[in-house]
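Just protein_33.tsv here, TSV, C-alpha atoms:
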chain	number	residue	atom	x	y	z
A	1445	VAL	CA	0.00	0.00	0.00
A	1446	PHE	CA	2.75	2.46	0.96
A	1447	THR	CA	5.87	2.81	-1.14
A	1448	VAL	CA	9.33	4.19	-0.49
A	1449	CYS	CA	9.66	7.69	-1.90
A	1450	PRO	CA	10.69	7.71	-5.60
A	1451	PRO	CA	12.49	10.58	-7.37
A	1452	ALA	CA	10.43	13.77	-7.84
A	1453	CYS	CA	9.62	13.03	-11.50
A	1454	ASP	CA	8.00	9.68	-10.59
A	1455	ARG	CA	5.78	10.82	-7.68
A	1456	ILE	CA	2.01	10.52	-8.11
A	1457	LYS	CA	-0.35	13.15	-6.68
A	1458	GLY	CA	-2.43	11.81	-3.77
A	1459	ARG	CA	-0.24	8.74	-3.18
A	1460	VAL	CA	1.18	8.00	0.29
A	1461	TYR	CA	4.94	7.42	0.58
A	1462	VAL	CA	7.35	6.55	3.39
A	1463	VAL	CA	9.63	9.55	3.85
A	1464	ARG	CA	12.34	9.27	6.51
A	1465	GLY	CA	10.29	6.67	8.37
A	1466	ALA	CA	7.03	8.67	8.40
A	1467	LEU	CA	3.97	8.40	6.15
A	1468	LYS	CA	3.51	11.46	3.96
A	1469	LYS	CA	1.08	12.24	1.13
A	1470	TRP	CA	2.37	13.92	-2.05
A	1471	ASP	CA	0.05	16.80	-3.11
A	1472	GLY	CA	1.82	17.60	-6.35
A	1473	LYS	CA	4.19	20.19	-4.86
A	1474	ARG	CA	5.17	19.02	-1.39
A	1475	PHE	CA	4.70	16.25	1.13
A	1476	ALA	CA	1.99	16.62	3.78
A	1477	ARG	CA	1.87	14.75	7.10
A	1478	CYS	CA	-0.53	11.82	7.29
A	1479	CYS	CA	-2.55	10.79	10.32
A	1480	ARG	CA	-0.60	8.52	12.69
A	1481	ASP	CA	-3.55	6.16	13.17
A	1482	SER	CA	-2.78	2.82	11.52
A	1483	LEU	CA	-3.71	2.67	7.82
A	1484	CYS	CA	-5.39	6.11	7.82
A	1485	THR	CA	-4.28	8.19	4.84
A	1486	LYS	CA	-6.08	11.44	5.75
A	1487	LEU	CA	-3.93	14.49	6.44
A	1488	ALA	CA	-2.90	15.47	9.97
A	1489	GLN	CA	-4.61	18.64	11.21
A	1490	GLY	CA	-2.80	21.60	12.76
A	1491	PRO	CA	0.08	20.87	15.12
A	1492	THR	CA	-1.27	17.40	15.96
A	1493	ASP	CA	-0.25	14.10	14.36
A	1494	TYR	CA	-3.85	12.97	13.71
A	1495	CYS	CA	-6.71	13.77	11.32
A	1496	LYS	CA	-9.97	15.21	12.68
A	1497	ALA	CA	-11.60	11.76	12.70
A	1498	HIS	CA	-8.89	10.42	15.02
A	1499	GLY	CA	-8.67	13.39	17.41
A	1500	GLY	CA	-6.49	15.88	15.54
A	1501	GLY	CA	-7.10	19.57	15.05
A	1502	THR	CA	-8.89	21.89	17.46
A	1503	ARG	CA	-11.50	20.20	19.65
A	1504	CYS	CA	-14.76	21.64	21.02
A	1505	LYS	CA	-14.25	23.49	24.32
A	1506	THR	CA	-17.63	22.42	25.77
A	1507	ALA	CA	-17.10	20.06	28.71
A	1508	GLY	CA	-17.53	16.42	27.71
A	1509	CYS	CA	-17.68	17.07	23.94
A	1510	LYS	CA	-15.02	15.34	21.83
A	1511	LYS	CA	-16.06	16.66	18.39
A	1512	ALA	CA	-13.87	18.85	16.16
A	1513	ALA	CA	-14.26	22.65	16.37
A	1514	ARG	CA	-15.61	24.30	13.21
A	1515	GLY	CA	-14.99	27.49	11.32
A	1516	GLY	CA	-12.14	28.94	13.36
A	1517	SER	CA	-14.25	28.92	16.52
A	1518	ASP	CA	-13.74	27.03	19.77
A	1519	CYS	CA	-16.87	24.89	19.42
A	1520	CYS	CA	-18.37	22.15	17.26
A	1521	ALA	CA	-21.49	22.85	15.14
A	1522	MET	CA	-23.78	21.50	17.87
A	1523	HIS	CA	-22.41	23.96	20.43
A	1524	GLY	CA	-22.47	27.05	18.18
A	1525	GLY	CA	-19.28	26.79	16.11
A	1526	GLY	CA	-19.02	27.29	12.36
A	1527	LYS	CA	-21.39	29.07	9.98
A	1528	ARG	CA	-25.07	29.42	10.87
A	1529	CYS	CA	-28.09	29.17	8.59
A	1530	SER	CA	-28.79	32.52	6.89
A	1531	HIS	CA	-32.59	32.02	6.99
A	1532	GLU	CA	-34.18	34.60	9.31
A	1533	GLY	CA	-34.69	33.22	12.83
A	1534	CYS	CA	-32.85	29.92	12.25
A	1535	THR	CA	-29.90	29.10	14.51
A	1536	LYS	CA	-28.91	25.72	13.06
A	1537	ALA	CA	-25.53	24.99	11.45
A	1538	ALA	CA	-25.20	25.86	7.76
A	1539	VAL	CA	-24.46	23.00	5.37
A	1540	GLY	CA	-23.24	24.02	1.93
A	1541	ASN	CA	-25.12	27.02	0.53
A	1542	ASN	CA	-25.38	29.09	3.76
A	1543	HIS	CA	-28.55	27.30	4.88
A	1544	CYS	CA	-29.28	24.37	7.20
A	1545	ARG	CA	-30.52	21.09	5.72
A	1546	ARG	CA	-34.18	21.97	6.22
A	1547	HIS	CA	-34.02	25.40	4.58
A	1548	SER	CA	-31.79	24.11	1.76
A	1549	ARG	CA	-34.45	21.50	0.96
A	1550	LEU	CA	-37.26	24.11	1.10
A	1551	ILE	CA	-35.38	26.45	-1.25
A	1552	GLU	CA	-34.70	23.58	-3.68
A	1553	GLU	CA	-38.40	22.66	-3.67
A	1554	GLN	CA	-39.40	26.29	-4.33
A	1555	ASN	CA	-36.88	26.56	-7.18
A	1556	ALA	CA	-38.13	23.29	-8.70
A	1557	ALA	CA	-41.75	24.47	-8.49
A	1558	ALA	CA	-40.84	27.83	-10.09
A	1559	TYR	CA	-38.97	26.04	-12.88
A	1560	GLU	CA	-41.95	23.74	-13.57
A	1561	SER	CA	-44.39	26.67	-13.70
A	1562	SER	CA	-42.13	28.65	-16.07
A	1563	LYS	CA	-41.82	25.53	-18.23
A	1564	ARG	CA	-45.64	25.26	-18.41
A	1565	LEU	CA	-45.93	28.93	-19.39
A	1566	LYS	CA	-43.48	28.45	-22.26
A	1567	ILE	CA	-45.47	25.45	-23.53
A	1568	GLU	CA	-48.78	27.36	-23.31
A	1569	LYS	CA	-47.33	30.34	-25.24
A	1570	ALA	CA	-46.10	28.09	-28.04
As structure tokens, please, write out the structure in this file.
Amino acid sequence: VFTVCPPACDRIKGRVYVVRGALKKWDGKRFARCCRDSLCTKLAQGPTDYCKAHGGGTRCKTAGCKKAARGGSDCCAMHGGGKRCSHEGCTKAAVGNNHCRRHSRLIEEQNAAAYESSKRLKIEKA
């Protein structure tokens, strides 16, 4: 699975190599540290030697919570970290397009309904 580091011209982007006894992933320009958990090829986060899934990066500061902090804050999404839904009055975590899952689905349904009605109008005009 892991290979000893070849010369620069033979390295493949995304492949994990053994460099000076440590696992490193080649990103096309430089080597990045891999998670120290056995067989994990995700990248280590921040000053830690582990990926977020295995305890690396900044952790939530709420007592008893072991989740990763989000968005440069000190908390996970459940405890107020990261981006919030931009829909008025909603305090849930944003997923993707600045809205929570519920409001993203509602907006998609509204857009689909508007598209269908405009499609019907075009057919009626023709």
Interatomic distance between CA of Gly1533 (chain A) and CA of Cys1504 (chain A)?
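Straight-line distance from CA of Gly1533 (chain A) to CA of Cys1504 (chain A) works out to 24.5 Å.
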Quote the spacing between CA of Tyr1559 (chain A) and CA of Cys1544 (chain A) in Å to one decimal place.
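Taking CA of Tyr1559 (chain A) and CA of Cys1544 (chain A), their separation equals 22.4 Å.
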With 3 Å of padding per side, what axis-aligned box (centre and edge lengths, Å, one decimal) covers all the listed atoms of region 1501-1504 of chain A? Give it as AutoDock Vina command-line options.
--center_x -10.9 --center_y 20.7 --center_z 18.0 --size_x 13.7 --size_y 8.3 --size_z 12.0
In Å to one decimal, how far is CA of Ser1530 (chain A) from CA of Ala1507 (chain A)?
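The value is 27.7 Å.
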Among the residues A:Ala1497, A:Ala1488, A:Val1539, A:Val1448, the one that comes closest to Lys1511 (chain A) [using only C-alpha atoms]:
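With only C-alpha atoms as the atom set, the closest residue is A:Ala1497.
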Find the spatial neighbours of Asp1493 (chain A), counting all atoms listed in the file, within a cut-off of 8 Å - ignore same-chain residues fewer than 3 positions away - and output them as a count of residues only.
7
Find, counting only C-alpha atoms, the residue in A:Val1460, A:Asp1471, A:Gly1465, A:Glu1568 that gets nearest to Thr1485 (chain A).
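Ranked by minimum distance to Thr1485 (chain A), first place goes to A:Val1460.
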Determine, counting all atoms listed in the file, which protein, DNA and RNA residues have an atom within 12 Å of an atom of Lys1505 (chain A); residues of the same chain fewer than 3 positions away are not included. Present the result as a VMD selection string.
chain A and resid 1502 1508 to 1514 1517 to 1525
Store the residues of this selection in a file with C-alpha atoms, as a PDB file, keeping the file's coordinate frame.
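Contents of selection-v7.pdb, freshly written:
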ATOM      1  CA  THR A1502      -8.890  21.890  17.460  1.00  0.00           C
ATOM      2  CA  GLY A1508     -17.530  16.420  27.710  1.00  0.00           C
ATOM      3  CA  CYS A1509     -17.680  17.070  23.940  1.00  0.00           C
ATOM      4  CA  LYS A1510     -15.020  15.340  21.830  1.00  0.00           C
ATOM      5  CA  LYS A1511     -16.060  16.660  18.390  1.00  0.00           C
ATOM      6  CA  ALA A1512     -13.870  18.850  16.160  1.00  0.00           C
ATOM      7  CA  ALA A1513     -14.260  22.650  16.370  1.00  0.00           C
ATOM      8  CA  ARG A1514     -15.610  24.300  13.210  1.00  0.00           C
ATOM      9  CA  SER A1517     -14.250  28.920  16.520  1.00  0.00           C
ATOM     10  CA  ASP A1518     -13.740  27.030  19.770  1.00  0.00           C
ATOM     11  CA  CYS A1519     -16.870  24.890  19.420  1.00  0.00           C
ATOM     12  CA  CYS A1520     -18.370  22.150  17.260  1.00  0.00           C
ATOM     13  CA  ALA A1521     -21.490  22.850  15.140  1.00  0.00           C
ATOM     14  CA  MET A1522     -23.780  21.500  17.870  1.00  0.00           C
ATOM     15  CA  HIS A1523     -22.410  23.960  20.430  1.00  0.00           C
ATOM     16  CA  GLY A1524     -22.470  27.050  18.180  1.00  0.00           C
ATOM     17  CA  GLY A1525     -19.280  26.790  16.110  1.00  0.00           C
TER      18      GLY A1525
END
Measuring between only C-alpha atoms, which one of A:Leu1487, A:Ala1452, A:Ala1537, A:Cys1495 shows the shortest distance to Lys1469 (chain A)?
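Of A:Leu1487, A:Ala1452, A:Ala1537, A:Cys1495, the one nearest Lys1469 (chain A) is A:Leu1487, counting only C-alpha atoms.
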Hey, which of A:Asp1481, A:Gly1516, A:Thr1506, A:Lys1486 ends up closest to Arg1459 (chain A)? Count only C-alpha atoms.
A:Lys1486
Fix up region 1489-1500 of chain A with all heavy atoms, then write it as a JSON list (two decimals), keeping the file's coordinate frame.
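Produced file result_24.json, reproduced below:
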[["chain", "number", "residue", "atom", "x", "y", "z"],
["A", 1489, "GLN", "N", -4.06, 17.30, 11.08],
["A", 1489, "GLN", "CA", -4.61, 18.64, 11.21],
["A", 1489, "GLN", "C", -3.86, 19.47, 12.23],
["A", 1489, "GLN", "O", -3.64, 19.02, 13.36],
["A", 1489, "GLN", "CB", -6.09, 18.57, 11.62],
["A", 1489, "GLN", "CG", -6.96, 17.90, 10.60],
["A", 1489, "GLN", "CD", -7.06, 18.69, 9.33],
["A", 1489, "GLN", "OE1", -7.34, 19.88, 9.34],
["A", 1489, "GLN", "NE2", -6.80, 18.04, 8.21],
["A", 1490, "GLY", "N", -3.48, 20.68, 11.85],
["A", 1490, "GLY", "CA", -2.80, 21.60, 12.76],
["A", 1490, "GLY", "C", -1.51, 21.03, 13.30],
["A", 1490, "GLY", "O", -0.80, 20.30, 12.60],
["A", 1491, "PRO", "N", -1.19, 21.34, 14.54],
["A", 1491, "PRO", "CA", 0.08, 20.87, 15.12],
["A", 1491, "PRO", "C", 0.02, 19.42, 15.59],
["A", 1491, "PRO", "O", 1.03, 18.88, 16.05],
["A", 1491, "PRO", "CB", 0.28, 21.81, 16.30],
["A", 1491, "PRO", "CG", -1.09, 22.19, 16.71],
["A", 1491, "PRO", "CD", -1.89, 22.25, 15.44],
["A", 1492, "THR", "N", -1.13, 18.77, 15.48],
["A", 1492, "THR", "CA", -1.27, 17.40, 15.96],
["A", 1492, "THR", "C", -0.79, 16.41, 14.91],
["A", 1492, "THR", "O", -0.55, 16.77, 13.77],
["A", 1492, "THR", "CB", -2.74, 17.08, 16.29],
["A", 1492, "THR", "OG1", -3.51, 17.14, 15.09],
["A", 1492, "THR", "CG2", -3.31, 18.05, 17.31],
["A", 1493, "ASP", "N", -0.66, 15.16, 15.29],
["A", 1493, "ASP", "CA", -0.25, 14.10, 14.36],
["A", 1493, "ASP", "C", -1.43, 13.27, 13.87],
["A", 1493, "ASP", "O", -1.23, 12.19, 13.33],
["A", 1493, "ASP", "CB", 0.77, 13.18, 15.05],
["A", 1493, "ASP", "CG", 2.12, 13.85, 15.21],
["A", 1493, "ASP", "OD1", 2.43, 14.75, 14.41],
["A", 1493, "ASP", "OD2", 2.86, 13.46, 16.13],
["A", 1494, "TYR", "N", -2.66, 13.74, 14.07],
["A", 1494, "TYR", "CA", -3.85, 12.97, 13.71],
["A", 1494, "TYR", "C", -4.81, 13.80, 12.86],
["A", 1494, "TYR", "O", -4.83, 15.03, 12.94],
["A", 1494, "TYR", "CB", -4.57, 12.48, 14.97],
["A", 1494, "TYR", "CG", -3.74, 11.51, 15.77],
["A", 1494, "TYR", "CD1", -2.95, 11.95, 16.83],
["A", 1494, "TYR", "CD2", -3.71, 10.17, 15.45],
["A", 1494, "TYR", "CE1", -2.17, 11.07, 17.55],
["A", 1494, "TYR", "CE2", -2.93, 9.28, 16.16],
["A", 1494, "TYR", "CZ", -2.16, 9.73, 17.21],
["A", 1494, "TYR", "OH", -1.39, 8.85, 17.90],
["A", 1495, "CYS", "N", -5.65, 13.10, 12.08],
["A", 1495, "CYS", "CA", -6.71, 13.77, 11.32],
["A", 1495, "CYS", "C", -7.86, 14.10, 12.28],
["A", 1495, "CYS", "O", -7.87, 13.65, 13.42],
["A", 1495, "CYS", "CB", -7.20, 12.86, 10.19],
["A", 1495, "CYS", "SG", -8.00, 11.35, 10.76],
["A", 1496, "LYS", "N", -8.85, 14.85, 11.82],
["A", 1496, "LYS", "CA", -9.97, 15.21, 12.68],
["A", 1496, "LYS", "C", -10.74, 14.00, 13.17],
["A", 1496, "LYS", "O", -11.22, 13.96, 14.29],
["A", 1496, "LYS", "CB", -10.92, 16.17, 11.95],
["A", 1496, "LYS", "CG", -10.38, 17.56, 11.85],
["A", 1496, "LYS", "CD", -11.41, 18.49, 11.29],
["A", 1496, "LYS", "CE", -10.86, 19.90, 11.21],
["A", 1496, "LYS", "NZ", -11.86, 20.84, 10.71],
["A", 1497, "ALA", "N", -10.85, 12.97, 12.33],
["A", 1497, "ALA", "CA", -11.60, 11.76, 12.70],
["A", 1497, "ALA", "C", -10.93, 11.01, 13.85],
["A", 1497, "ALA", "O", -11.60, 10.33, 14.61],
["A", 1497, "ALA", "CB", -11.74, 10.84, 11.50],
["A", 1498, "HIS", "N", -9.61, 11.14, 13.97],
["A", 1498, "HIS", "CA", -8.89, 10.42, 15.02],
["A", 1498, "HIS", "C", -8.39, 11.32, 16.14],
["A", 1498, "HIS", "O", -7.47, 10.96, 16.87],
["A", 1498, "HIS", "CB", -7.73, 9.64, 14.39],
["A", 1498, "HIS", "CG", -8.19, 8.55, 13.50],
["A", 1498, "HIS", "ND1", -7.97, 8.54, 12.14],
["A", 1498, "HIS", "CD2", -8.90, 7.42, 13.77],
["A", 1498, "HIS", "CE1", -8.52, 7.46, 11.61],
["A", 1498, "HIS", "NE2", -9.09, 6.77, 12.56],
["A", 1499, "GLY", "N", -8.99, 12.51, 16.28],
["A", 1499, "GLY", "CA", -8.67, 13.39, 17.41],
["A", 1499, "GLY", "C", -7.73, 14.53, 17.12],
["A", 1499, "GLY", "O", -7.32, 15.24, 18.04],
["A", 1500, "GLY", "N", -7.38, 14.77, 15.88],
["A", 1500, "GLY", "CA", -6.49, 15.88, 15.54],
["A", 1500, "GLY", "C", -7.24, 17.18, 15.38],
["A", 1500, "GLY", "O", -8.46, 17.23, 15.39]]
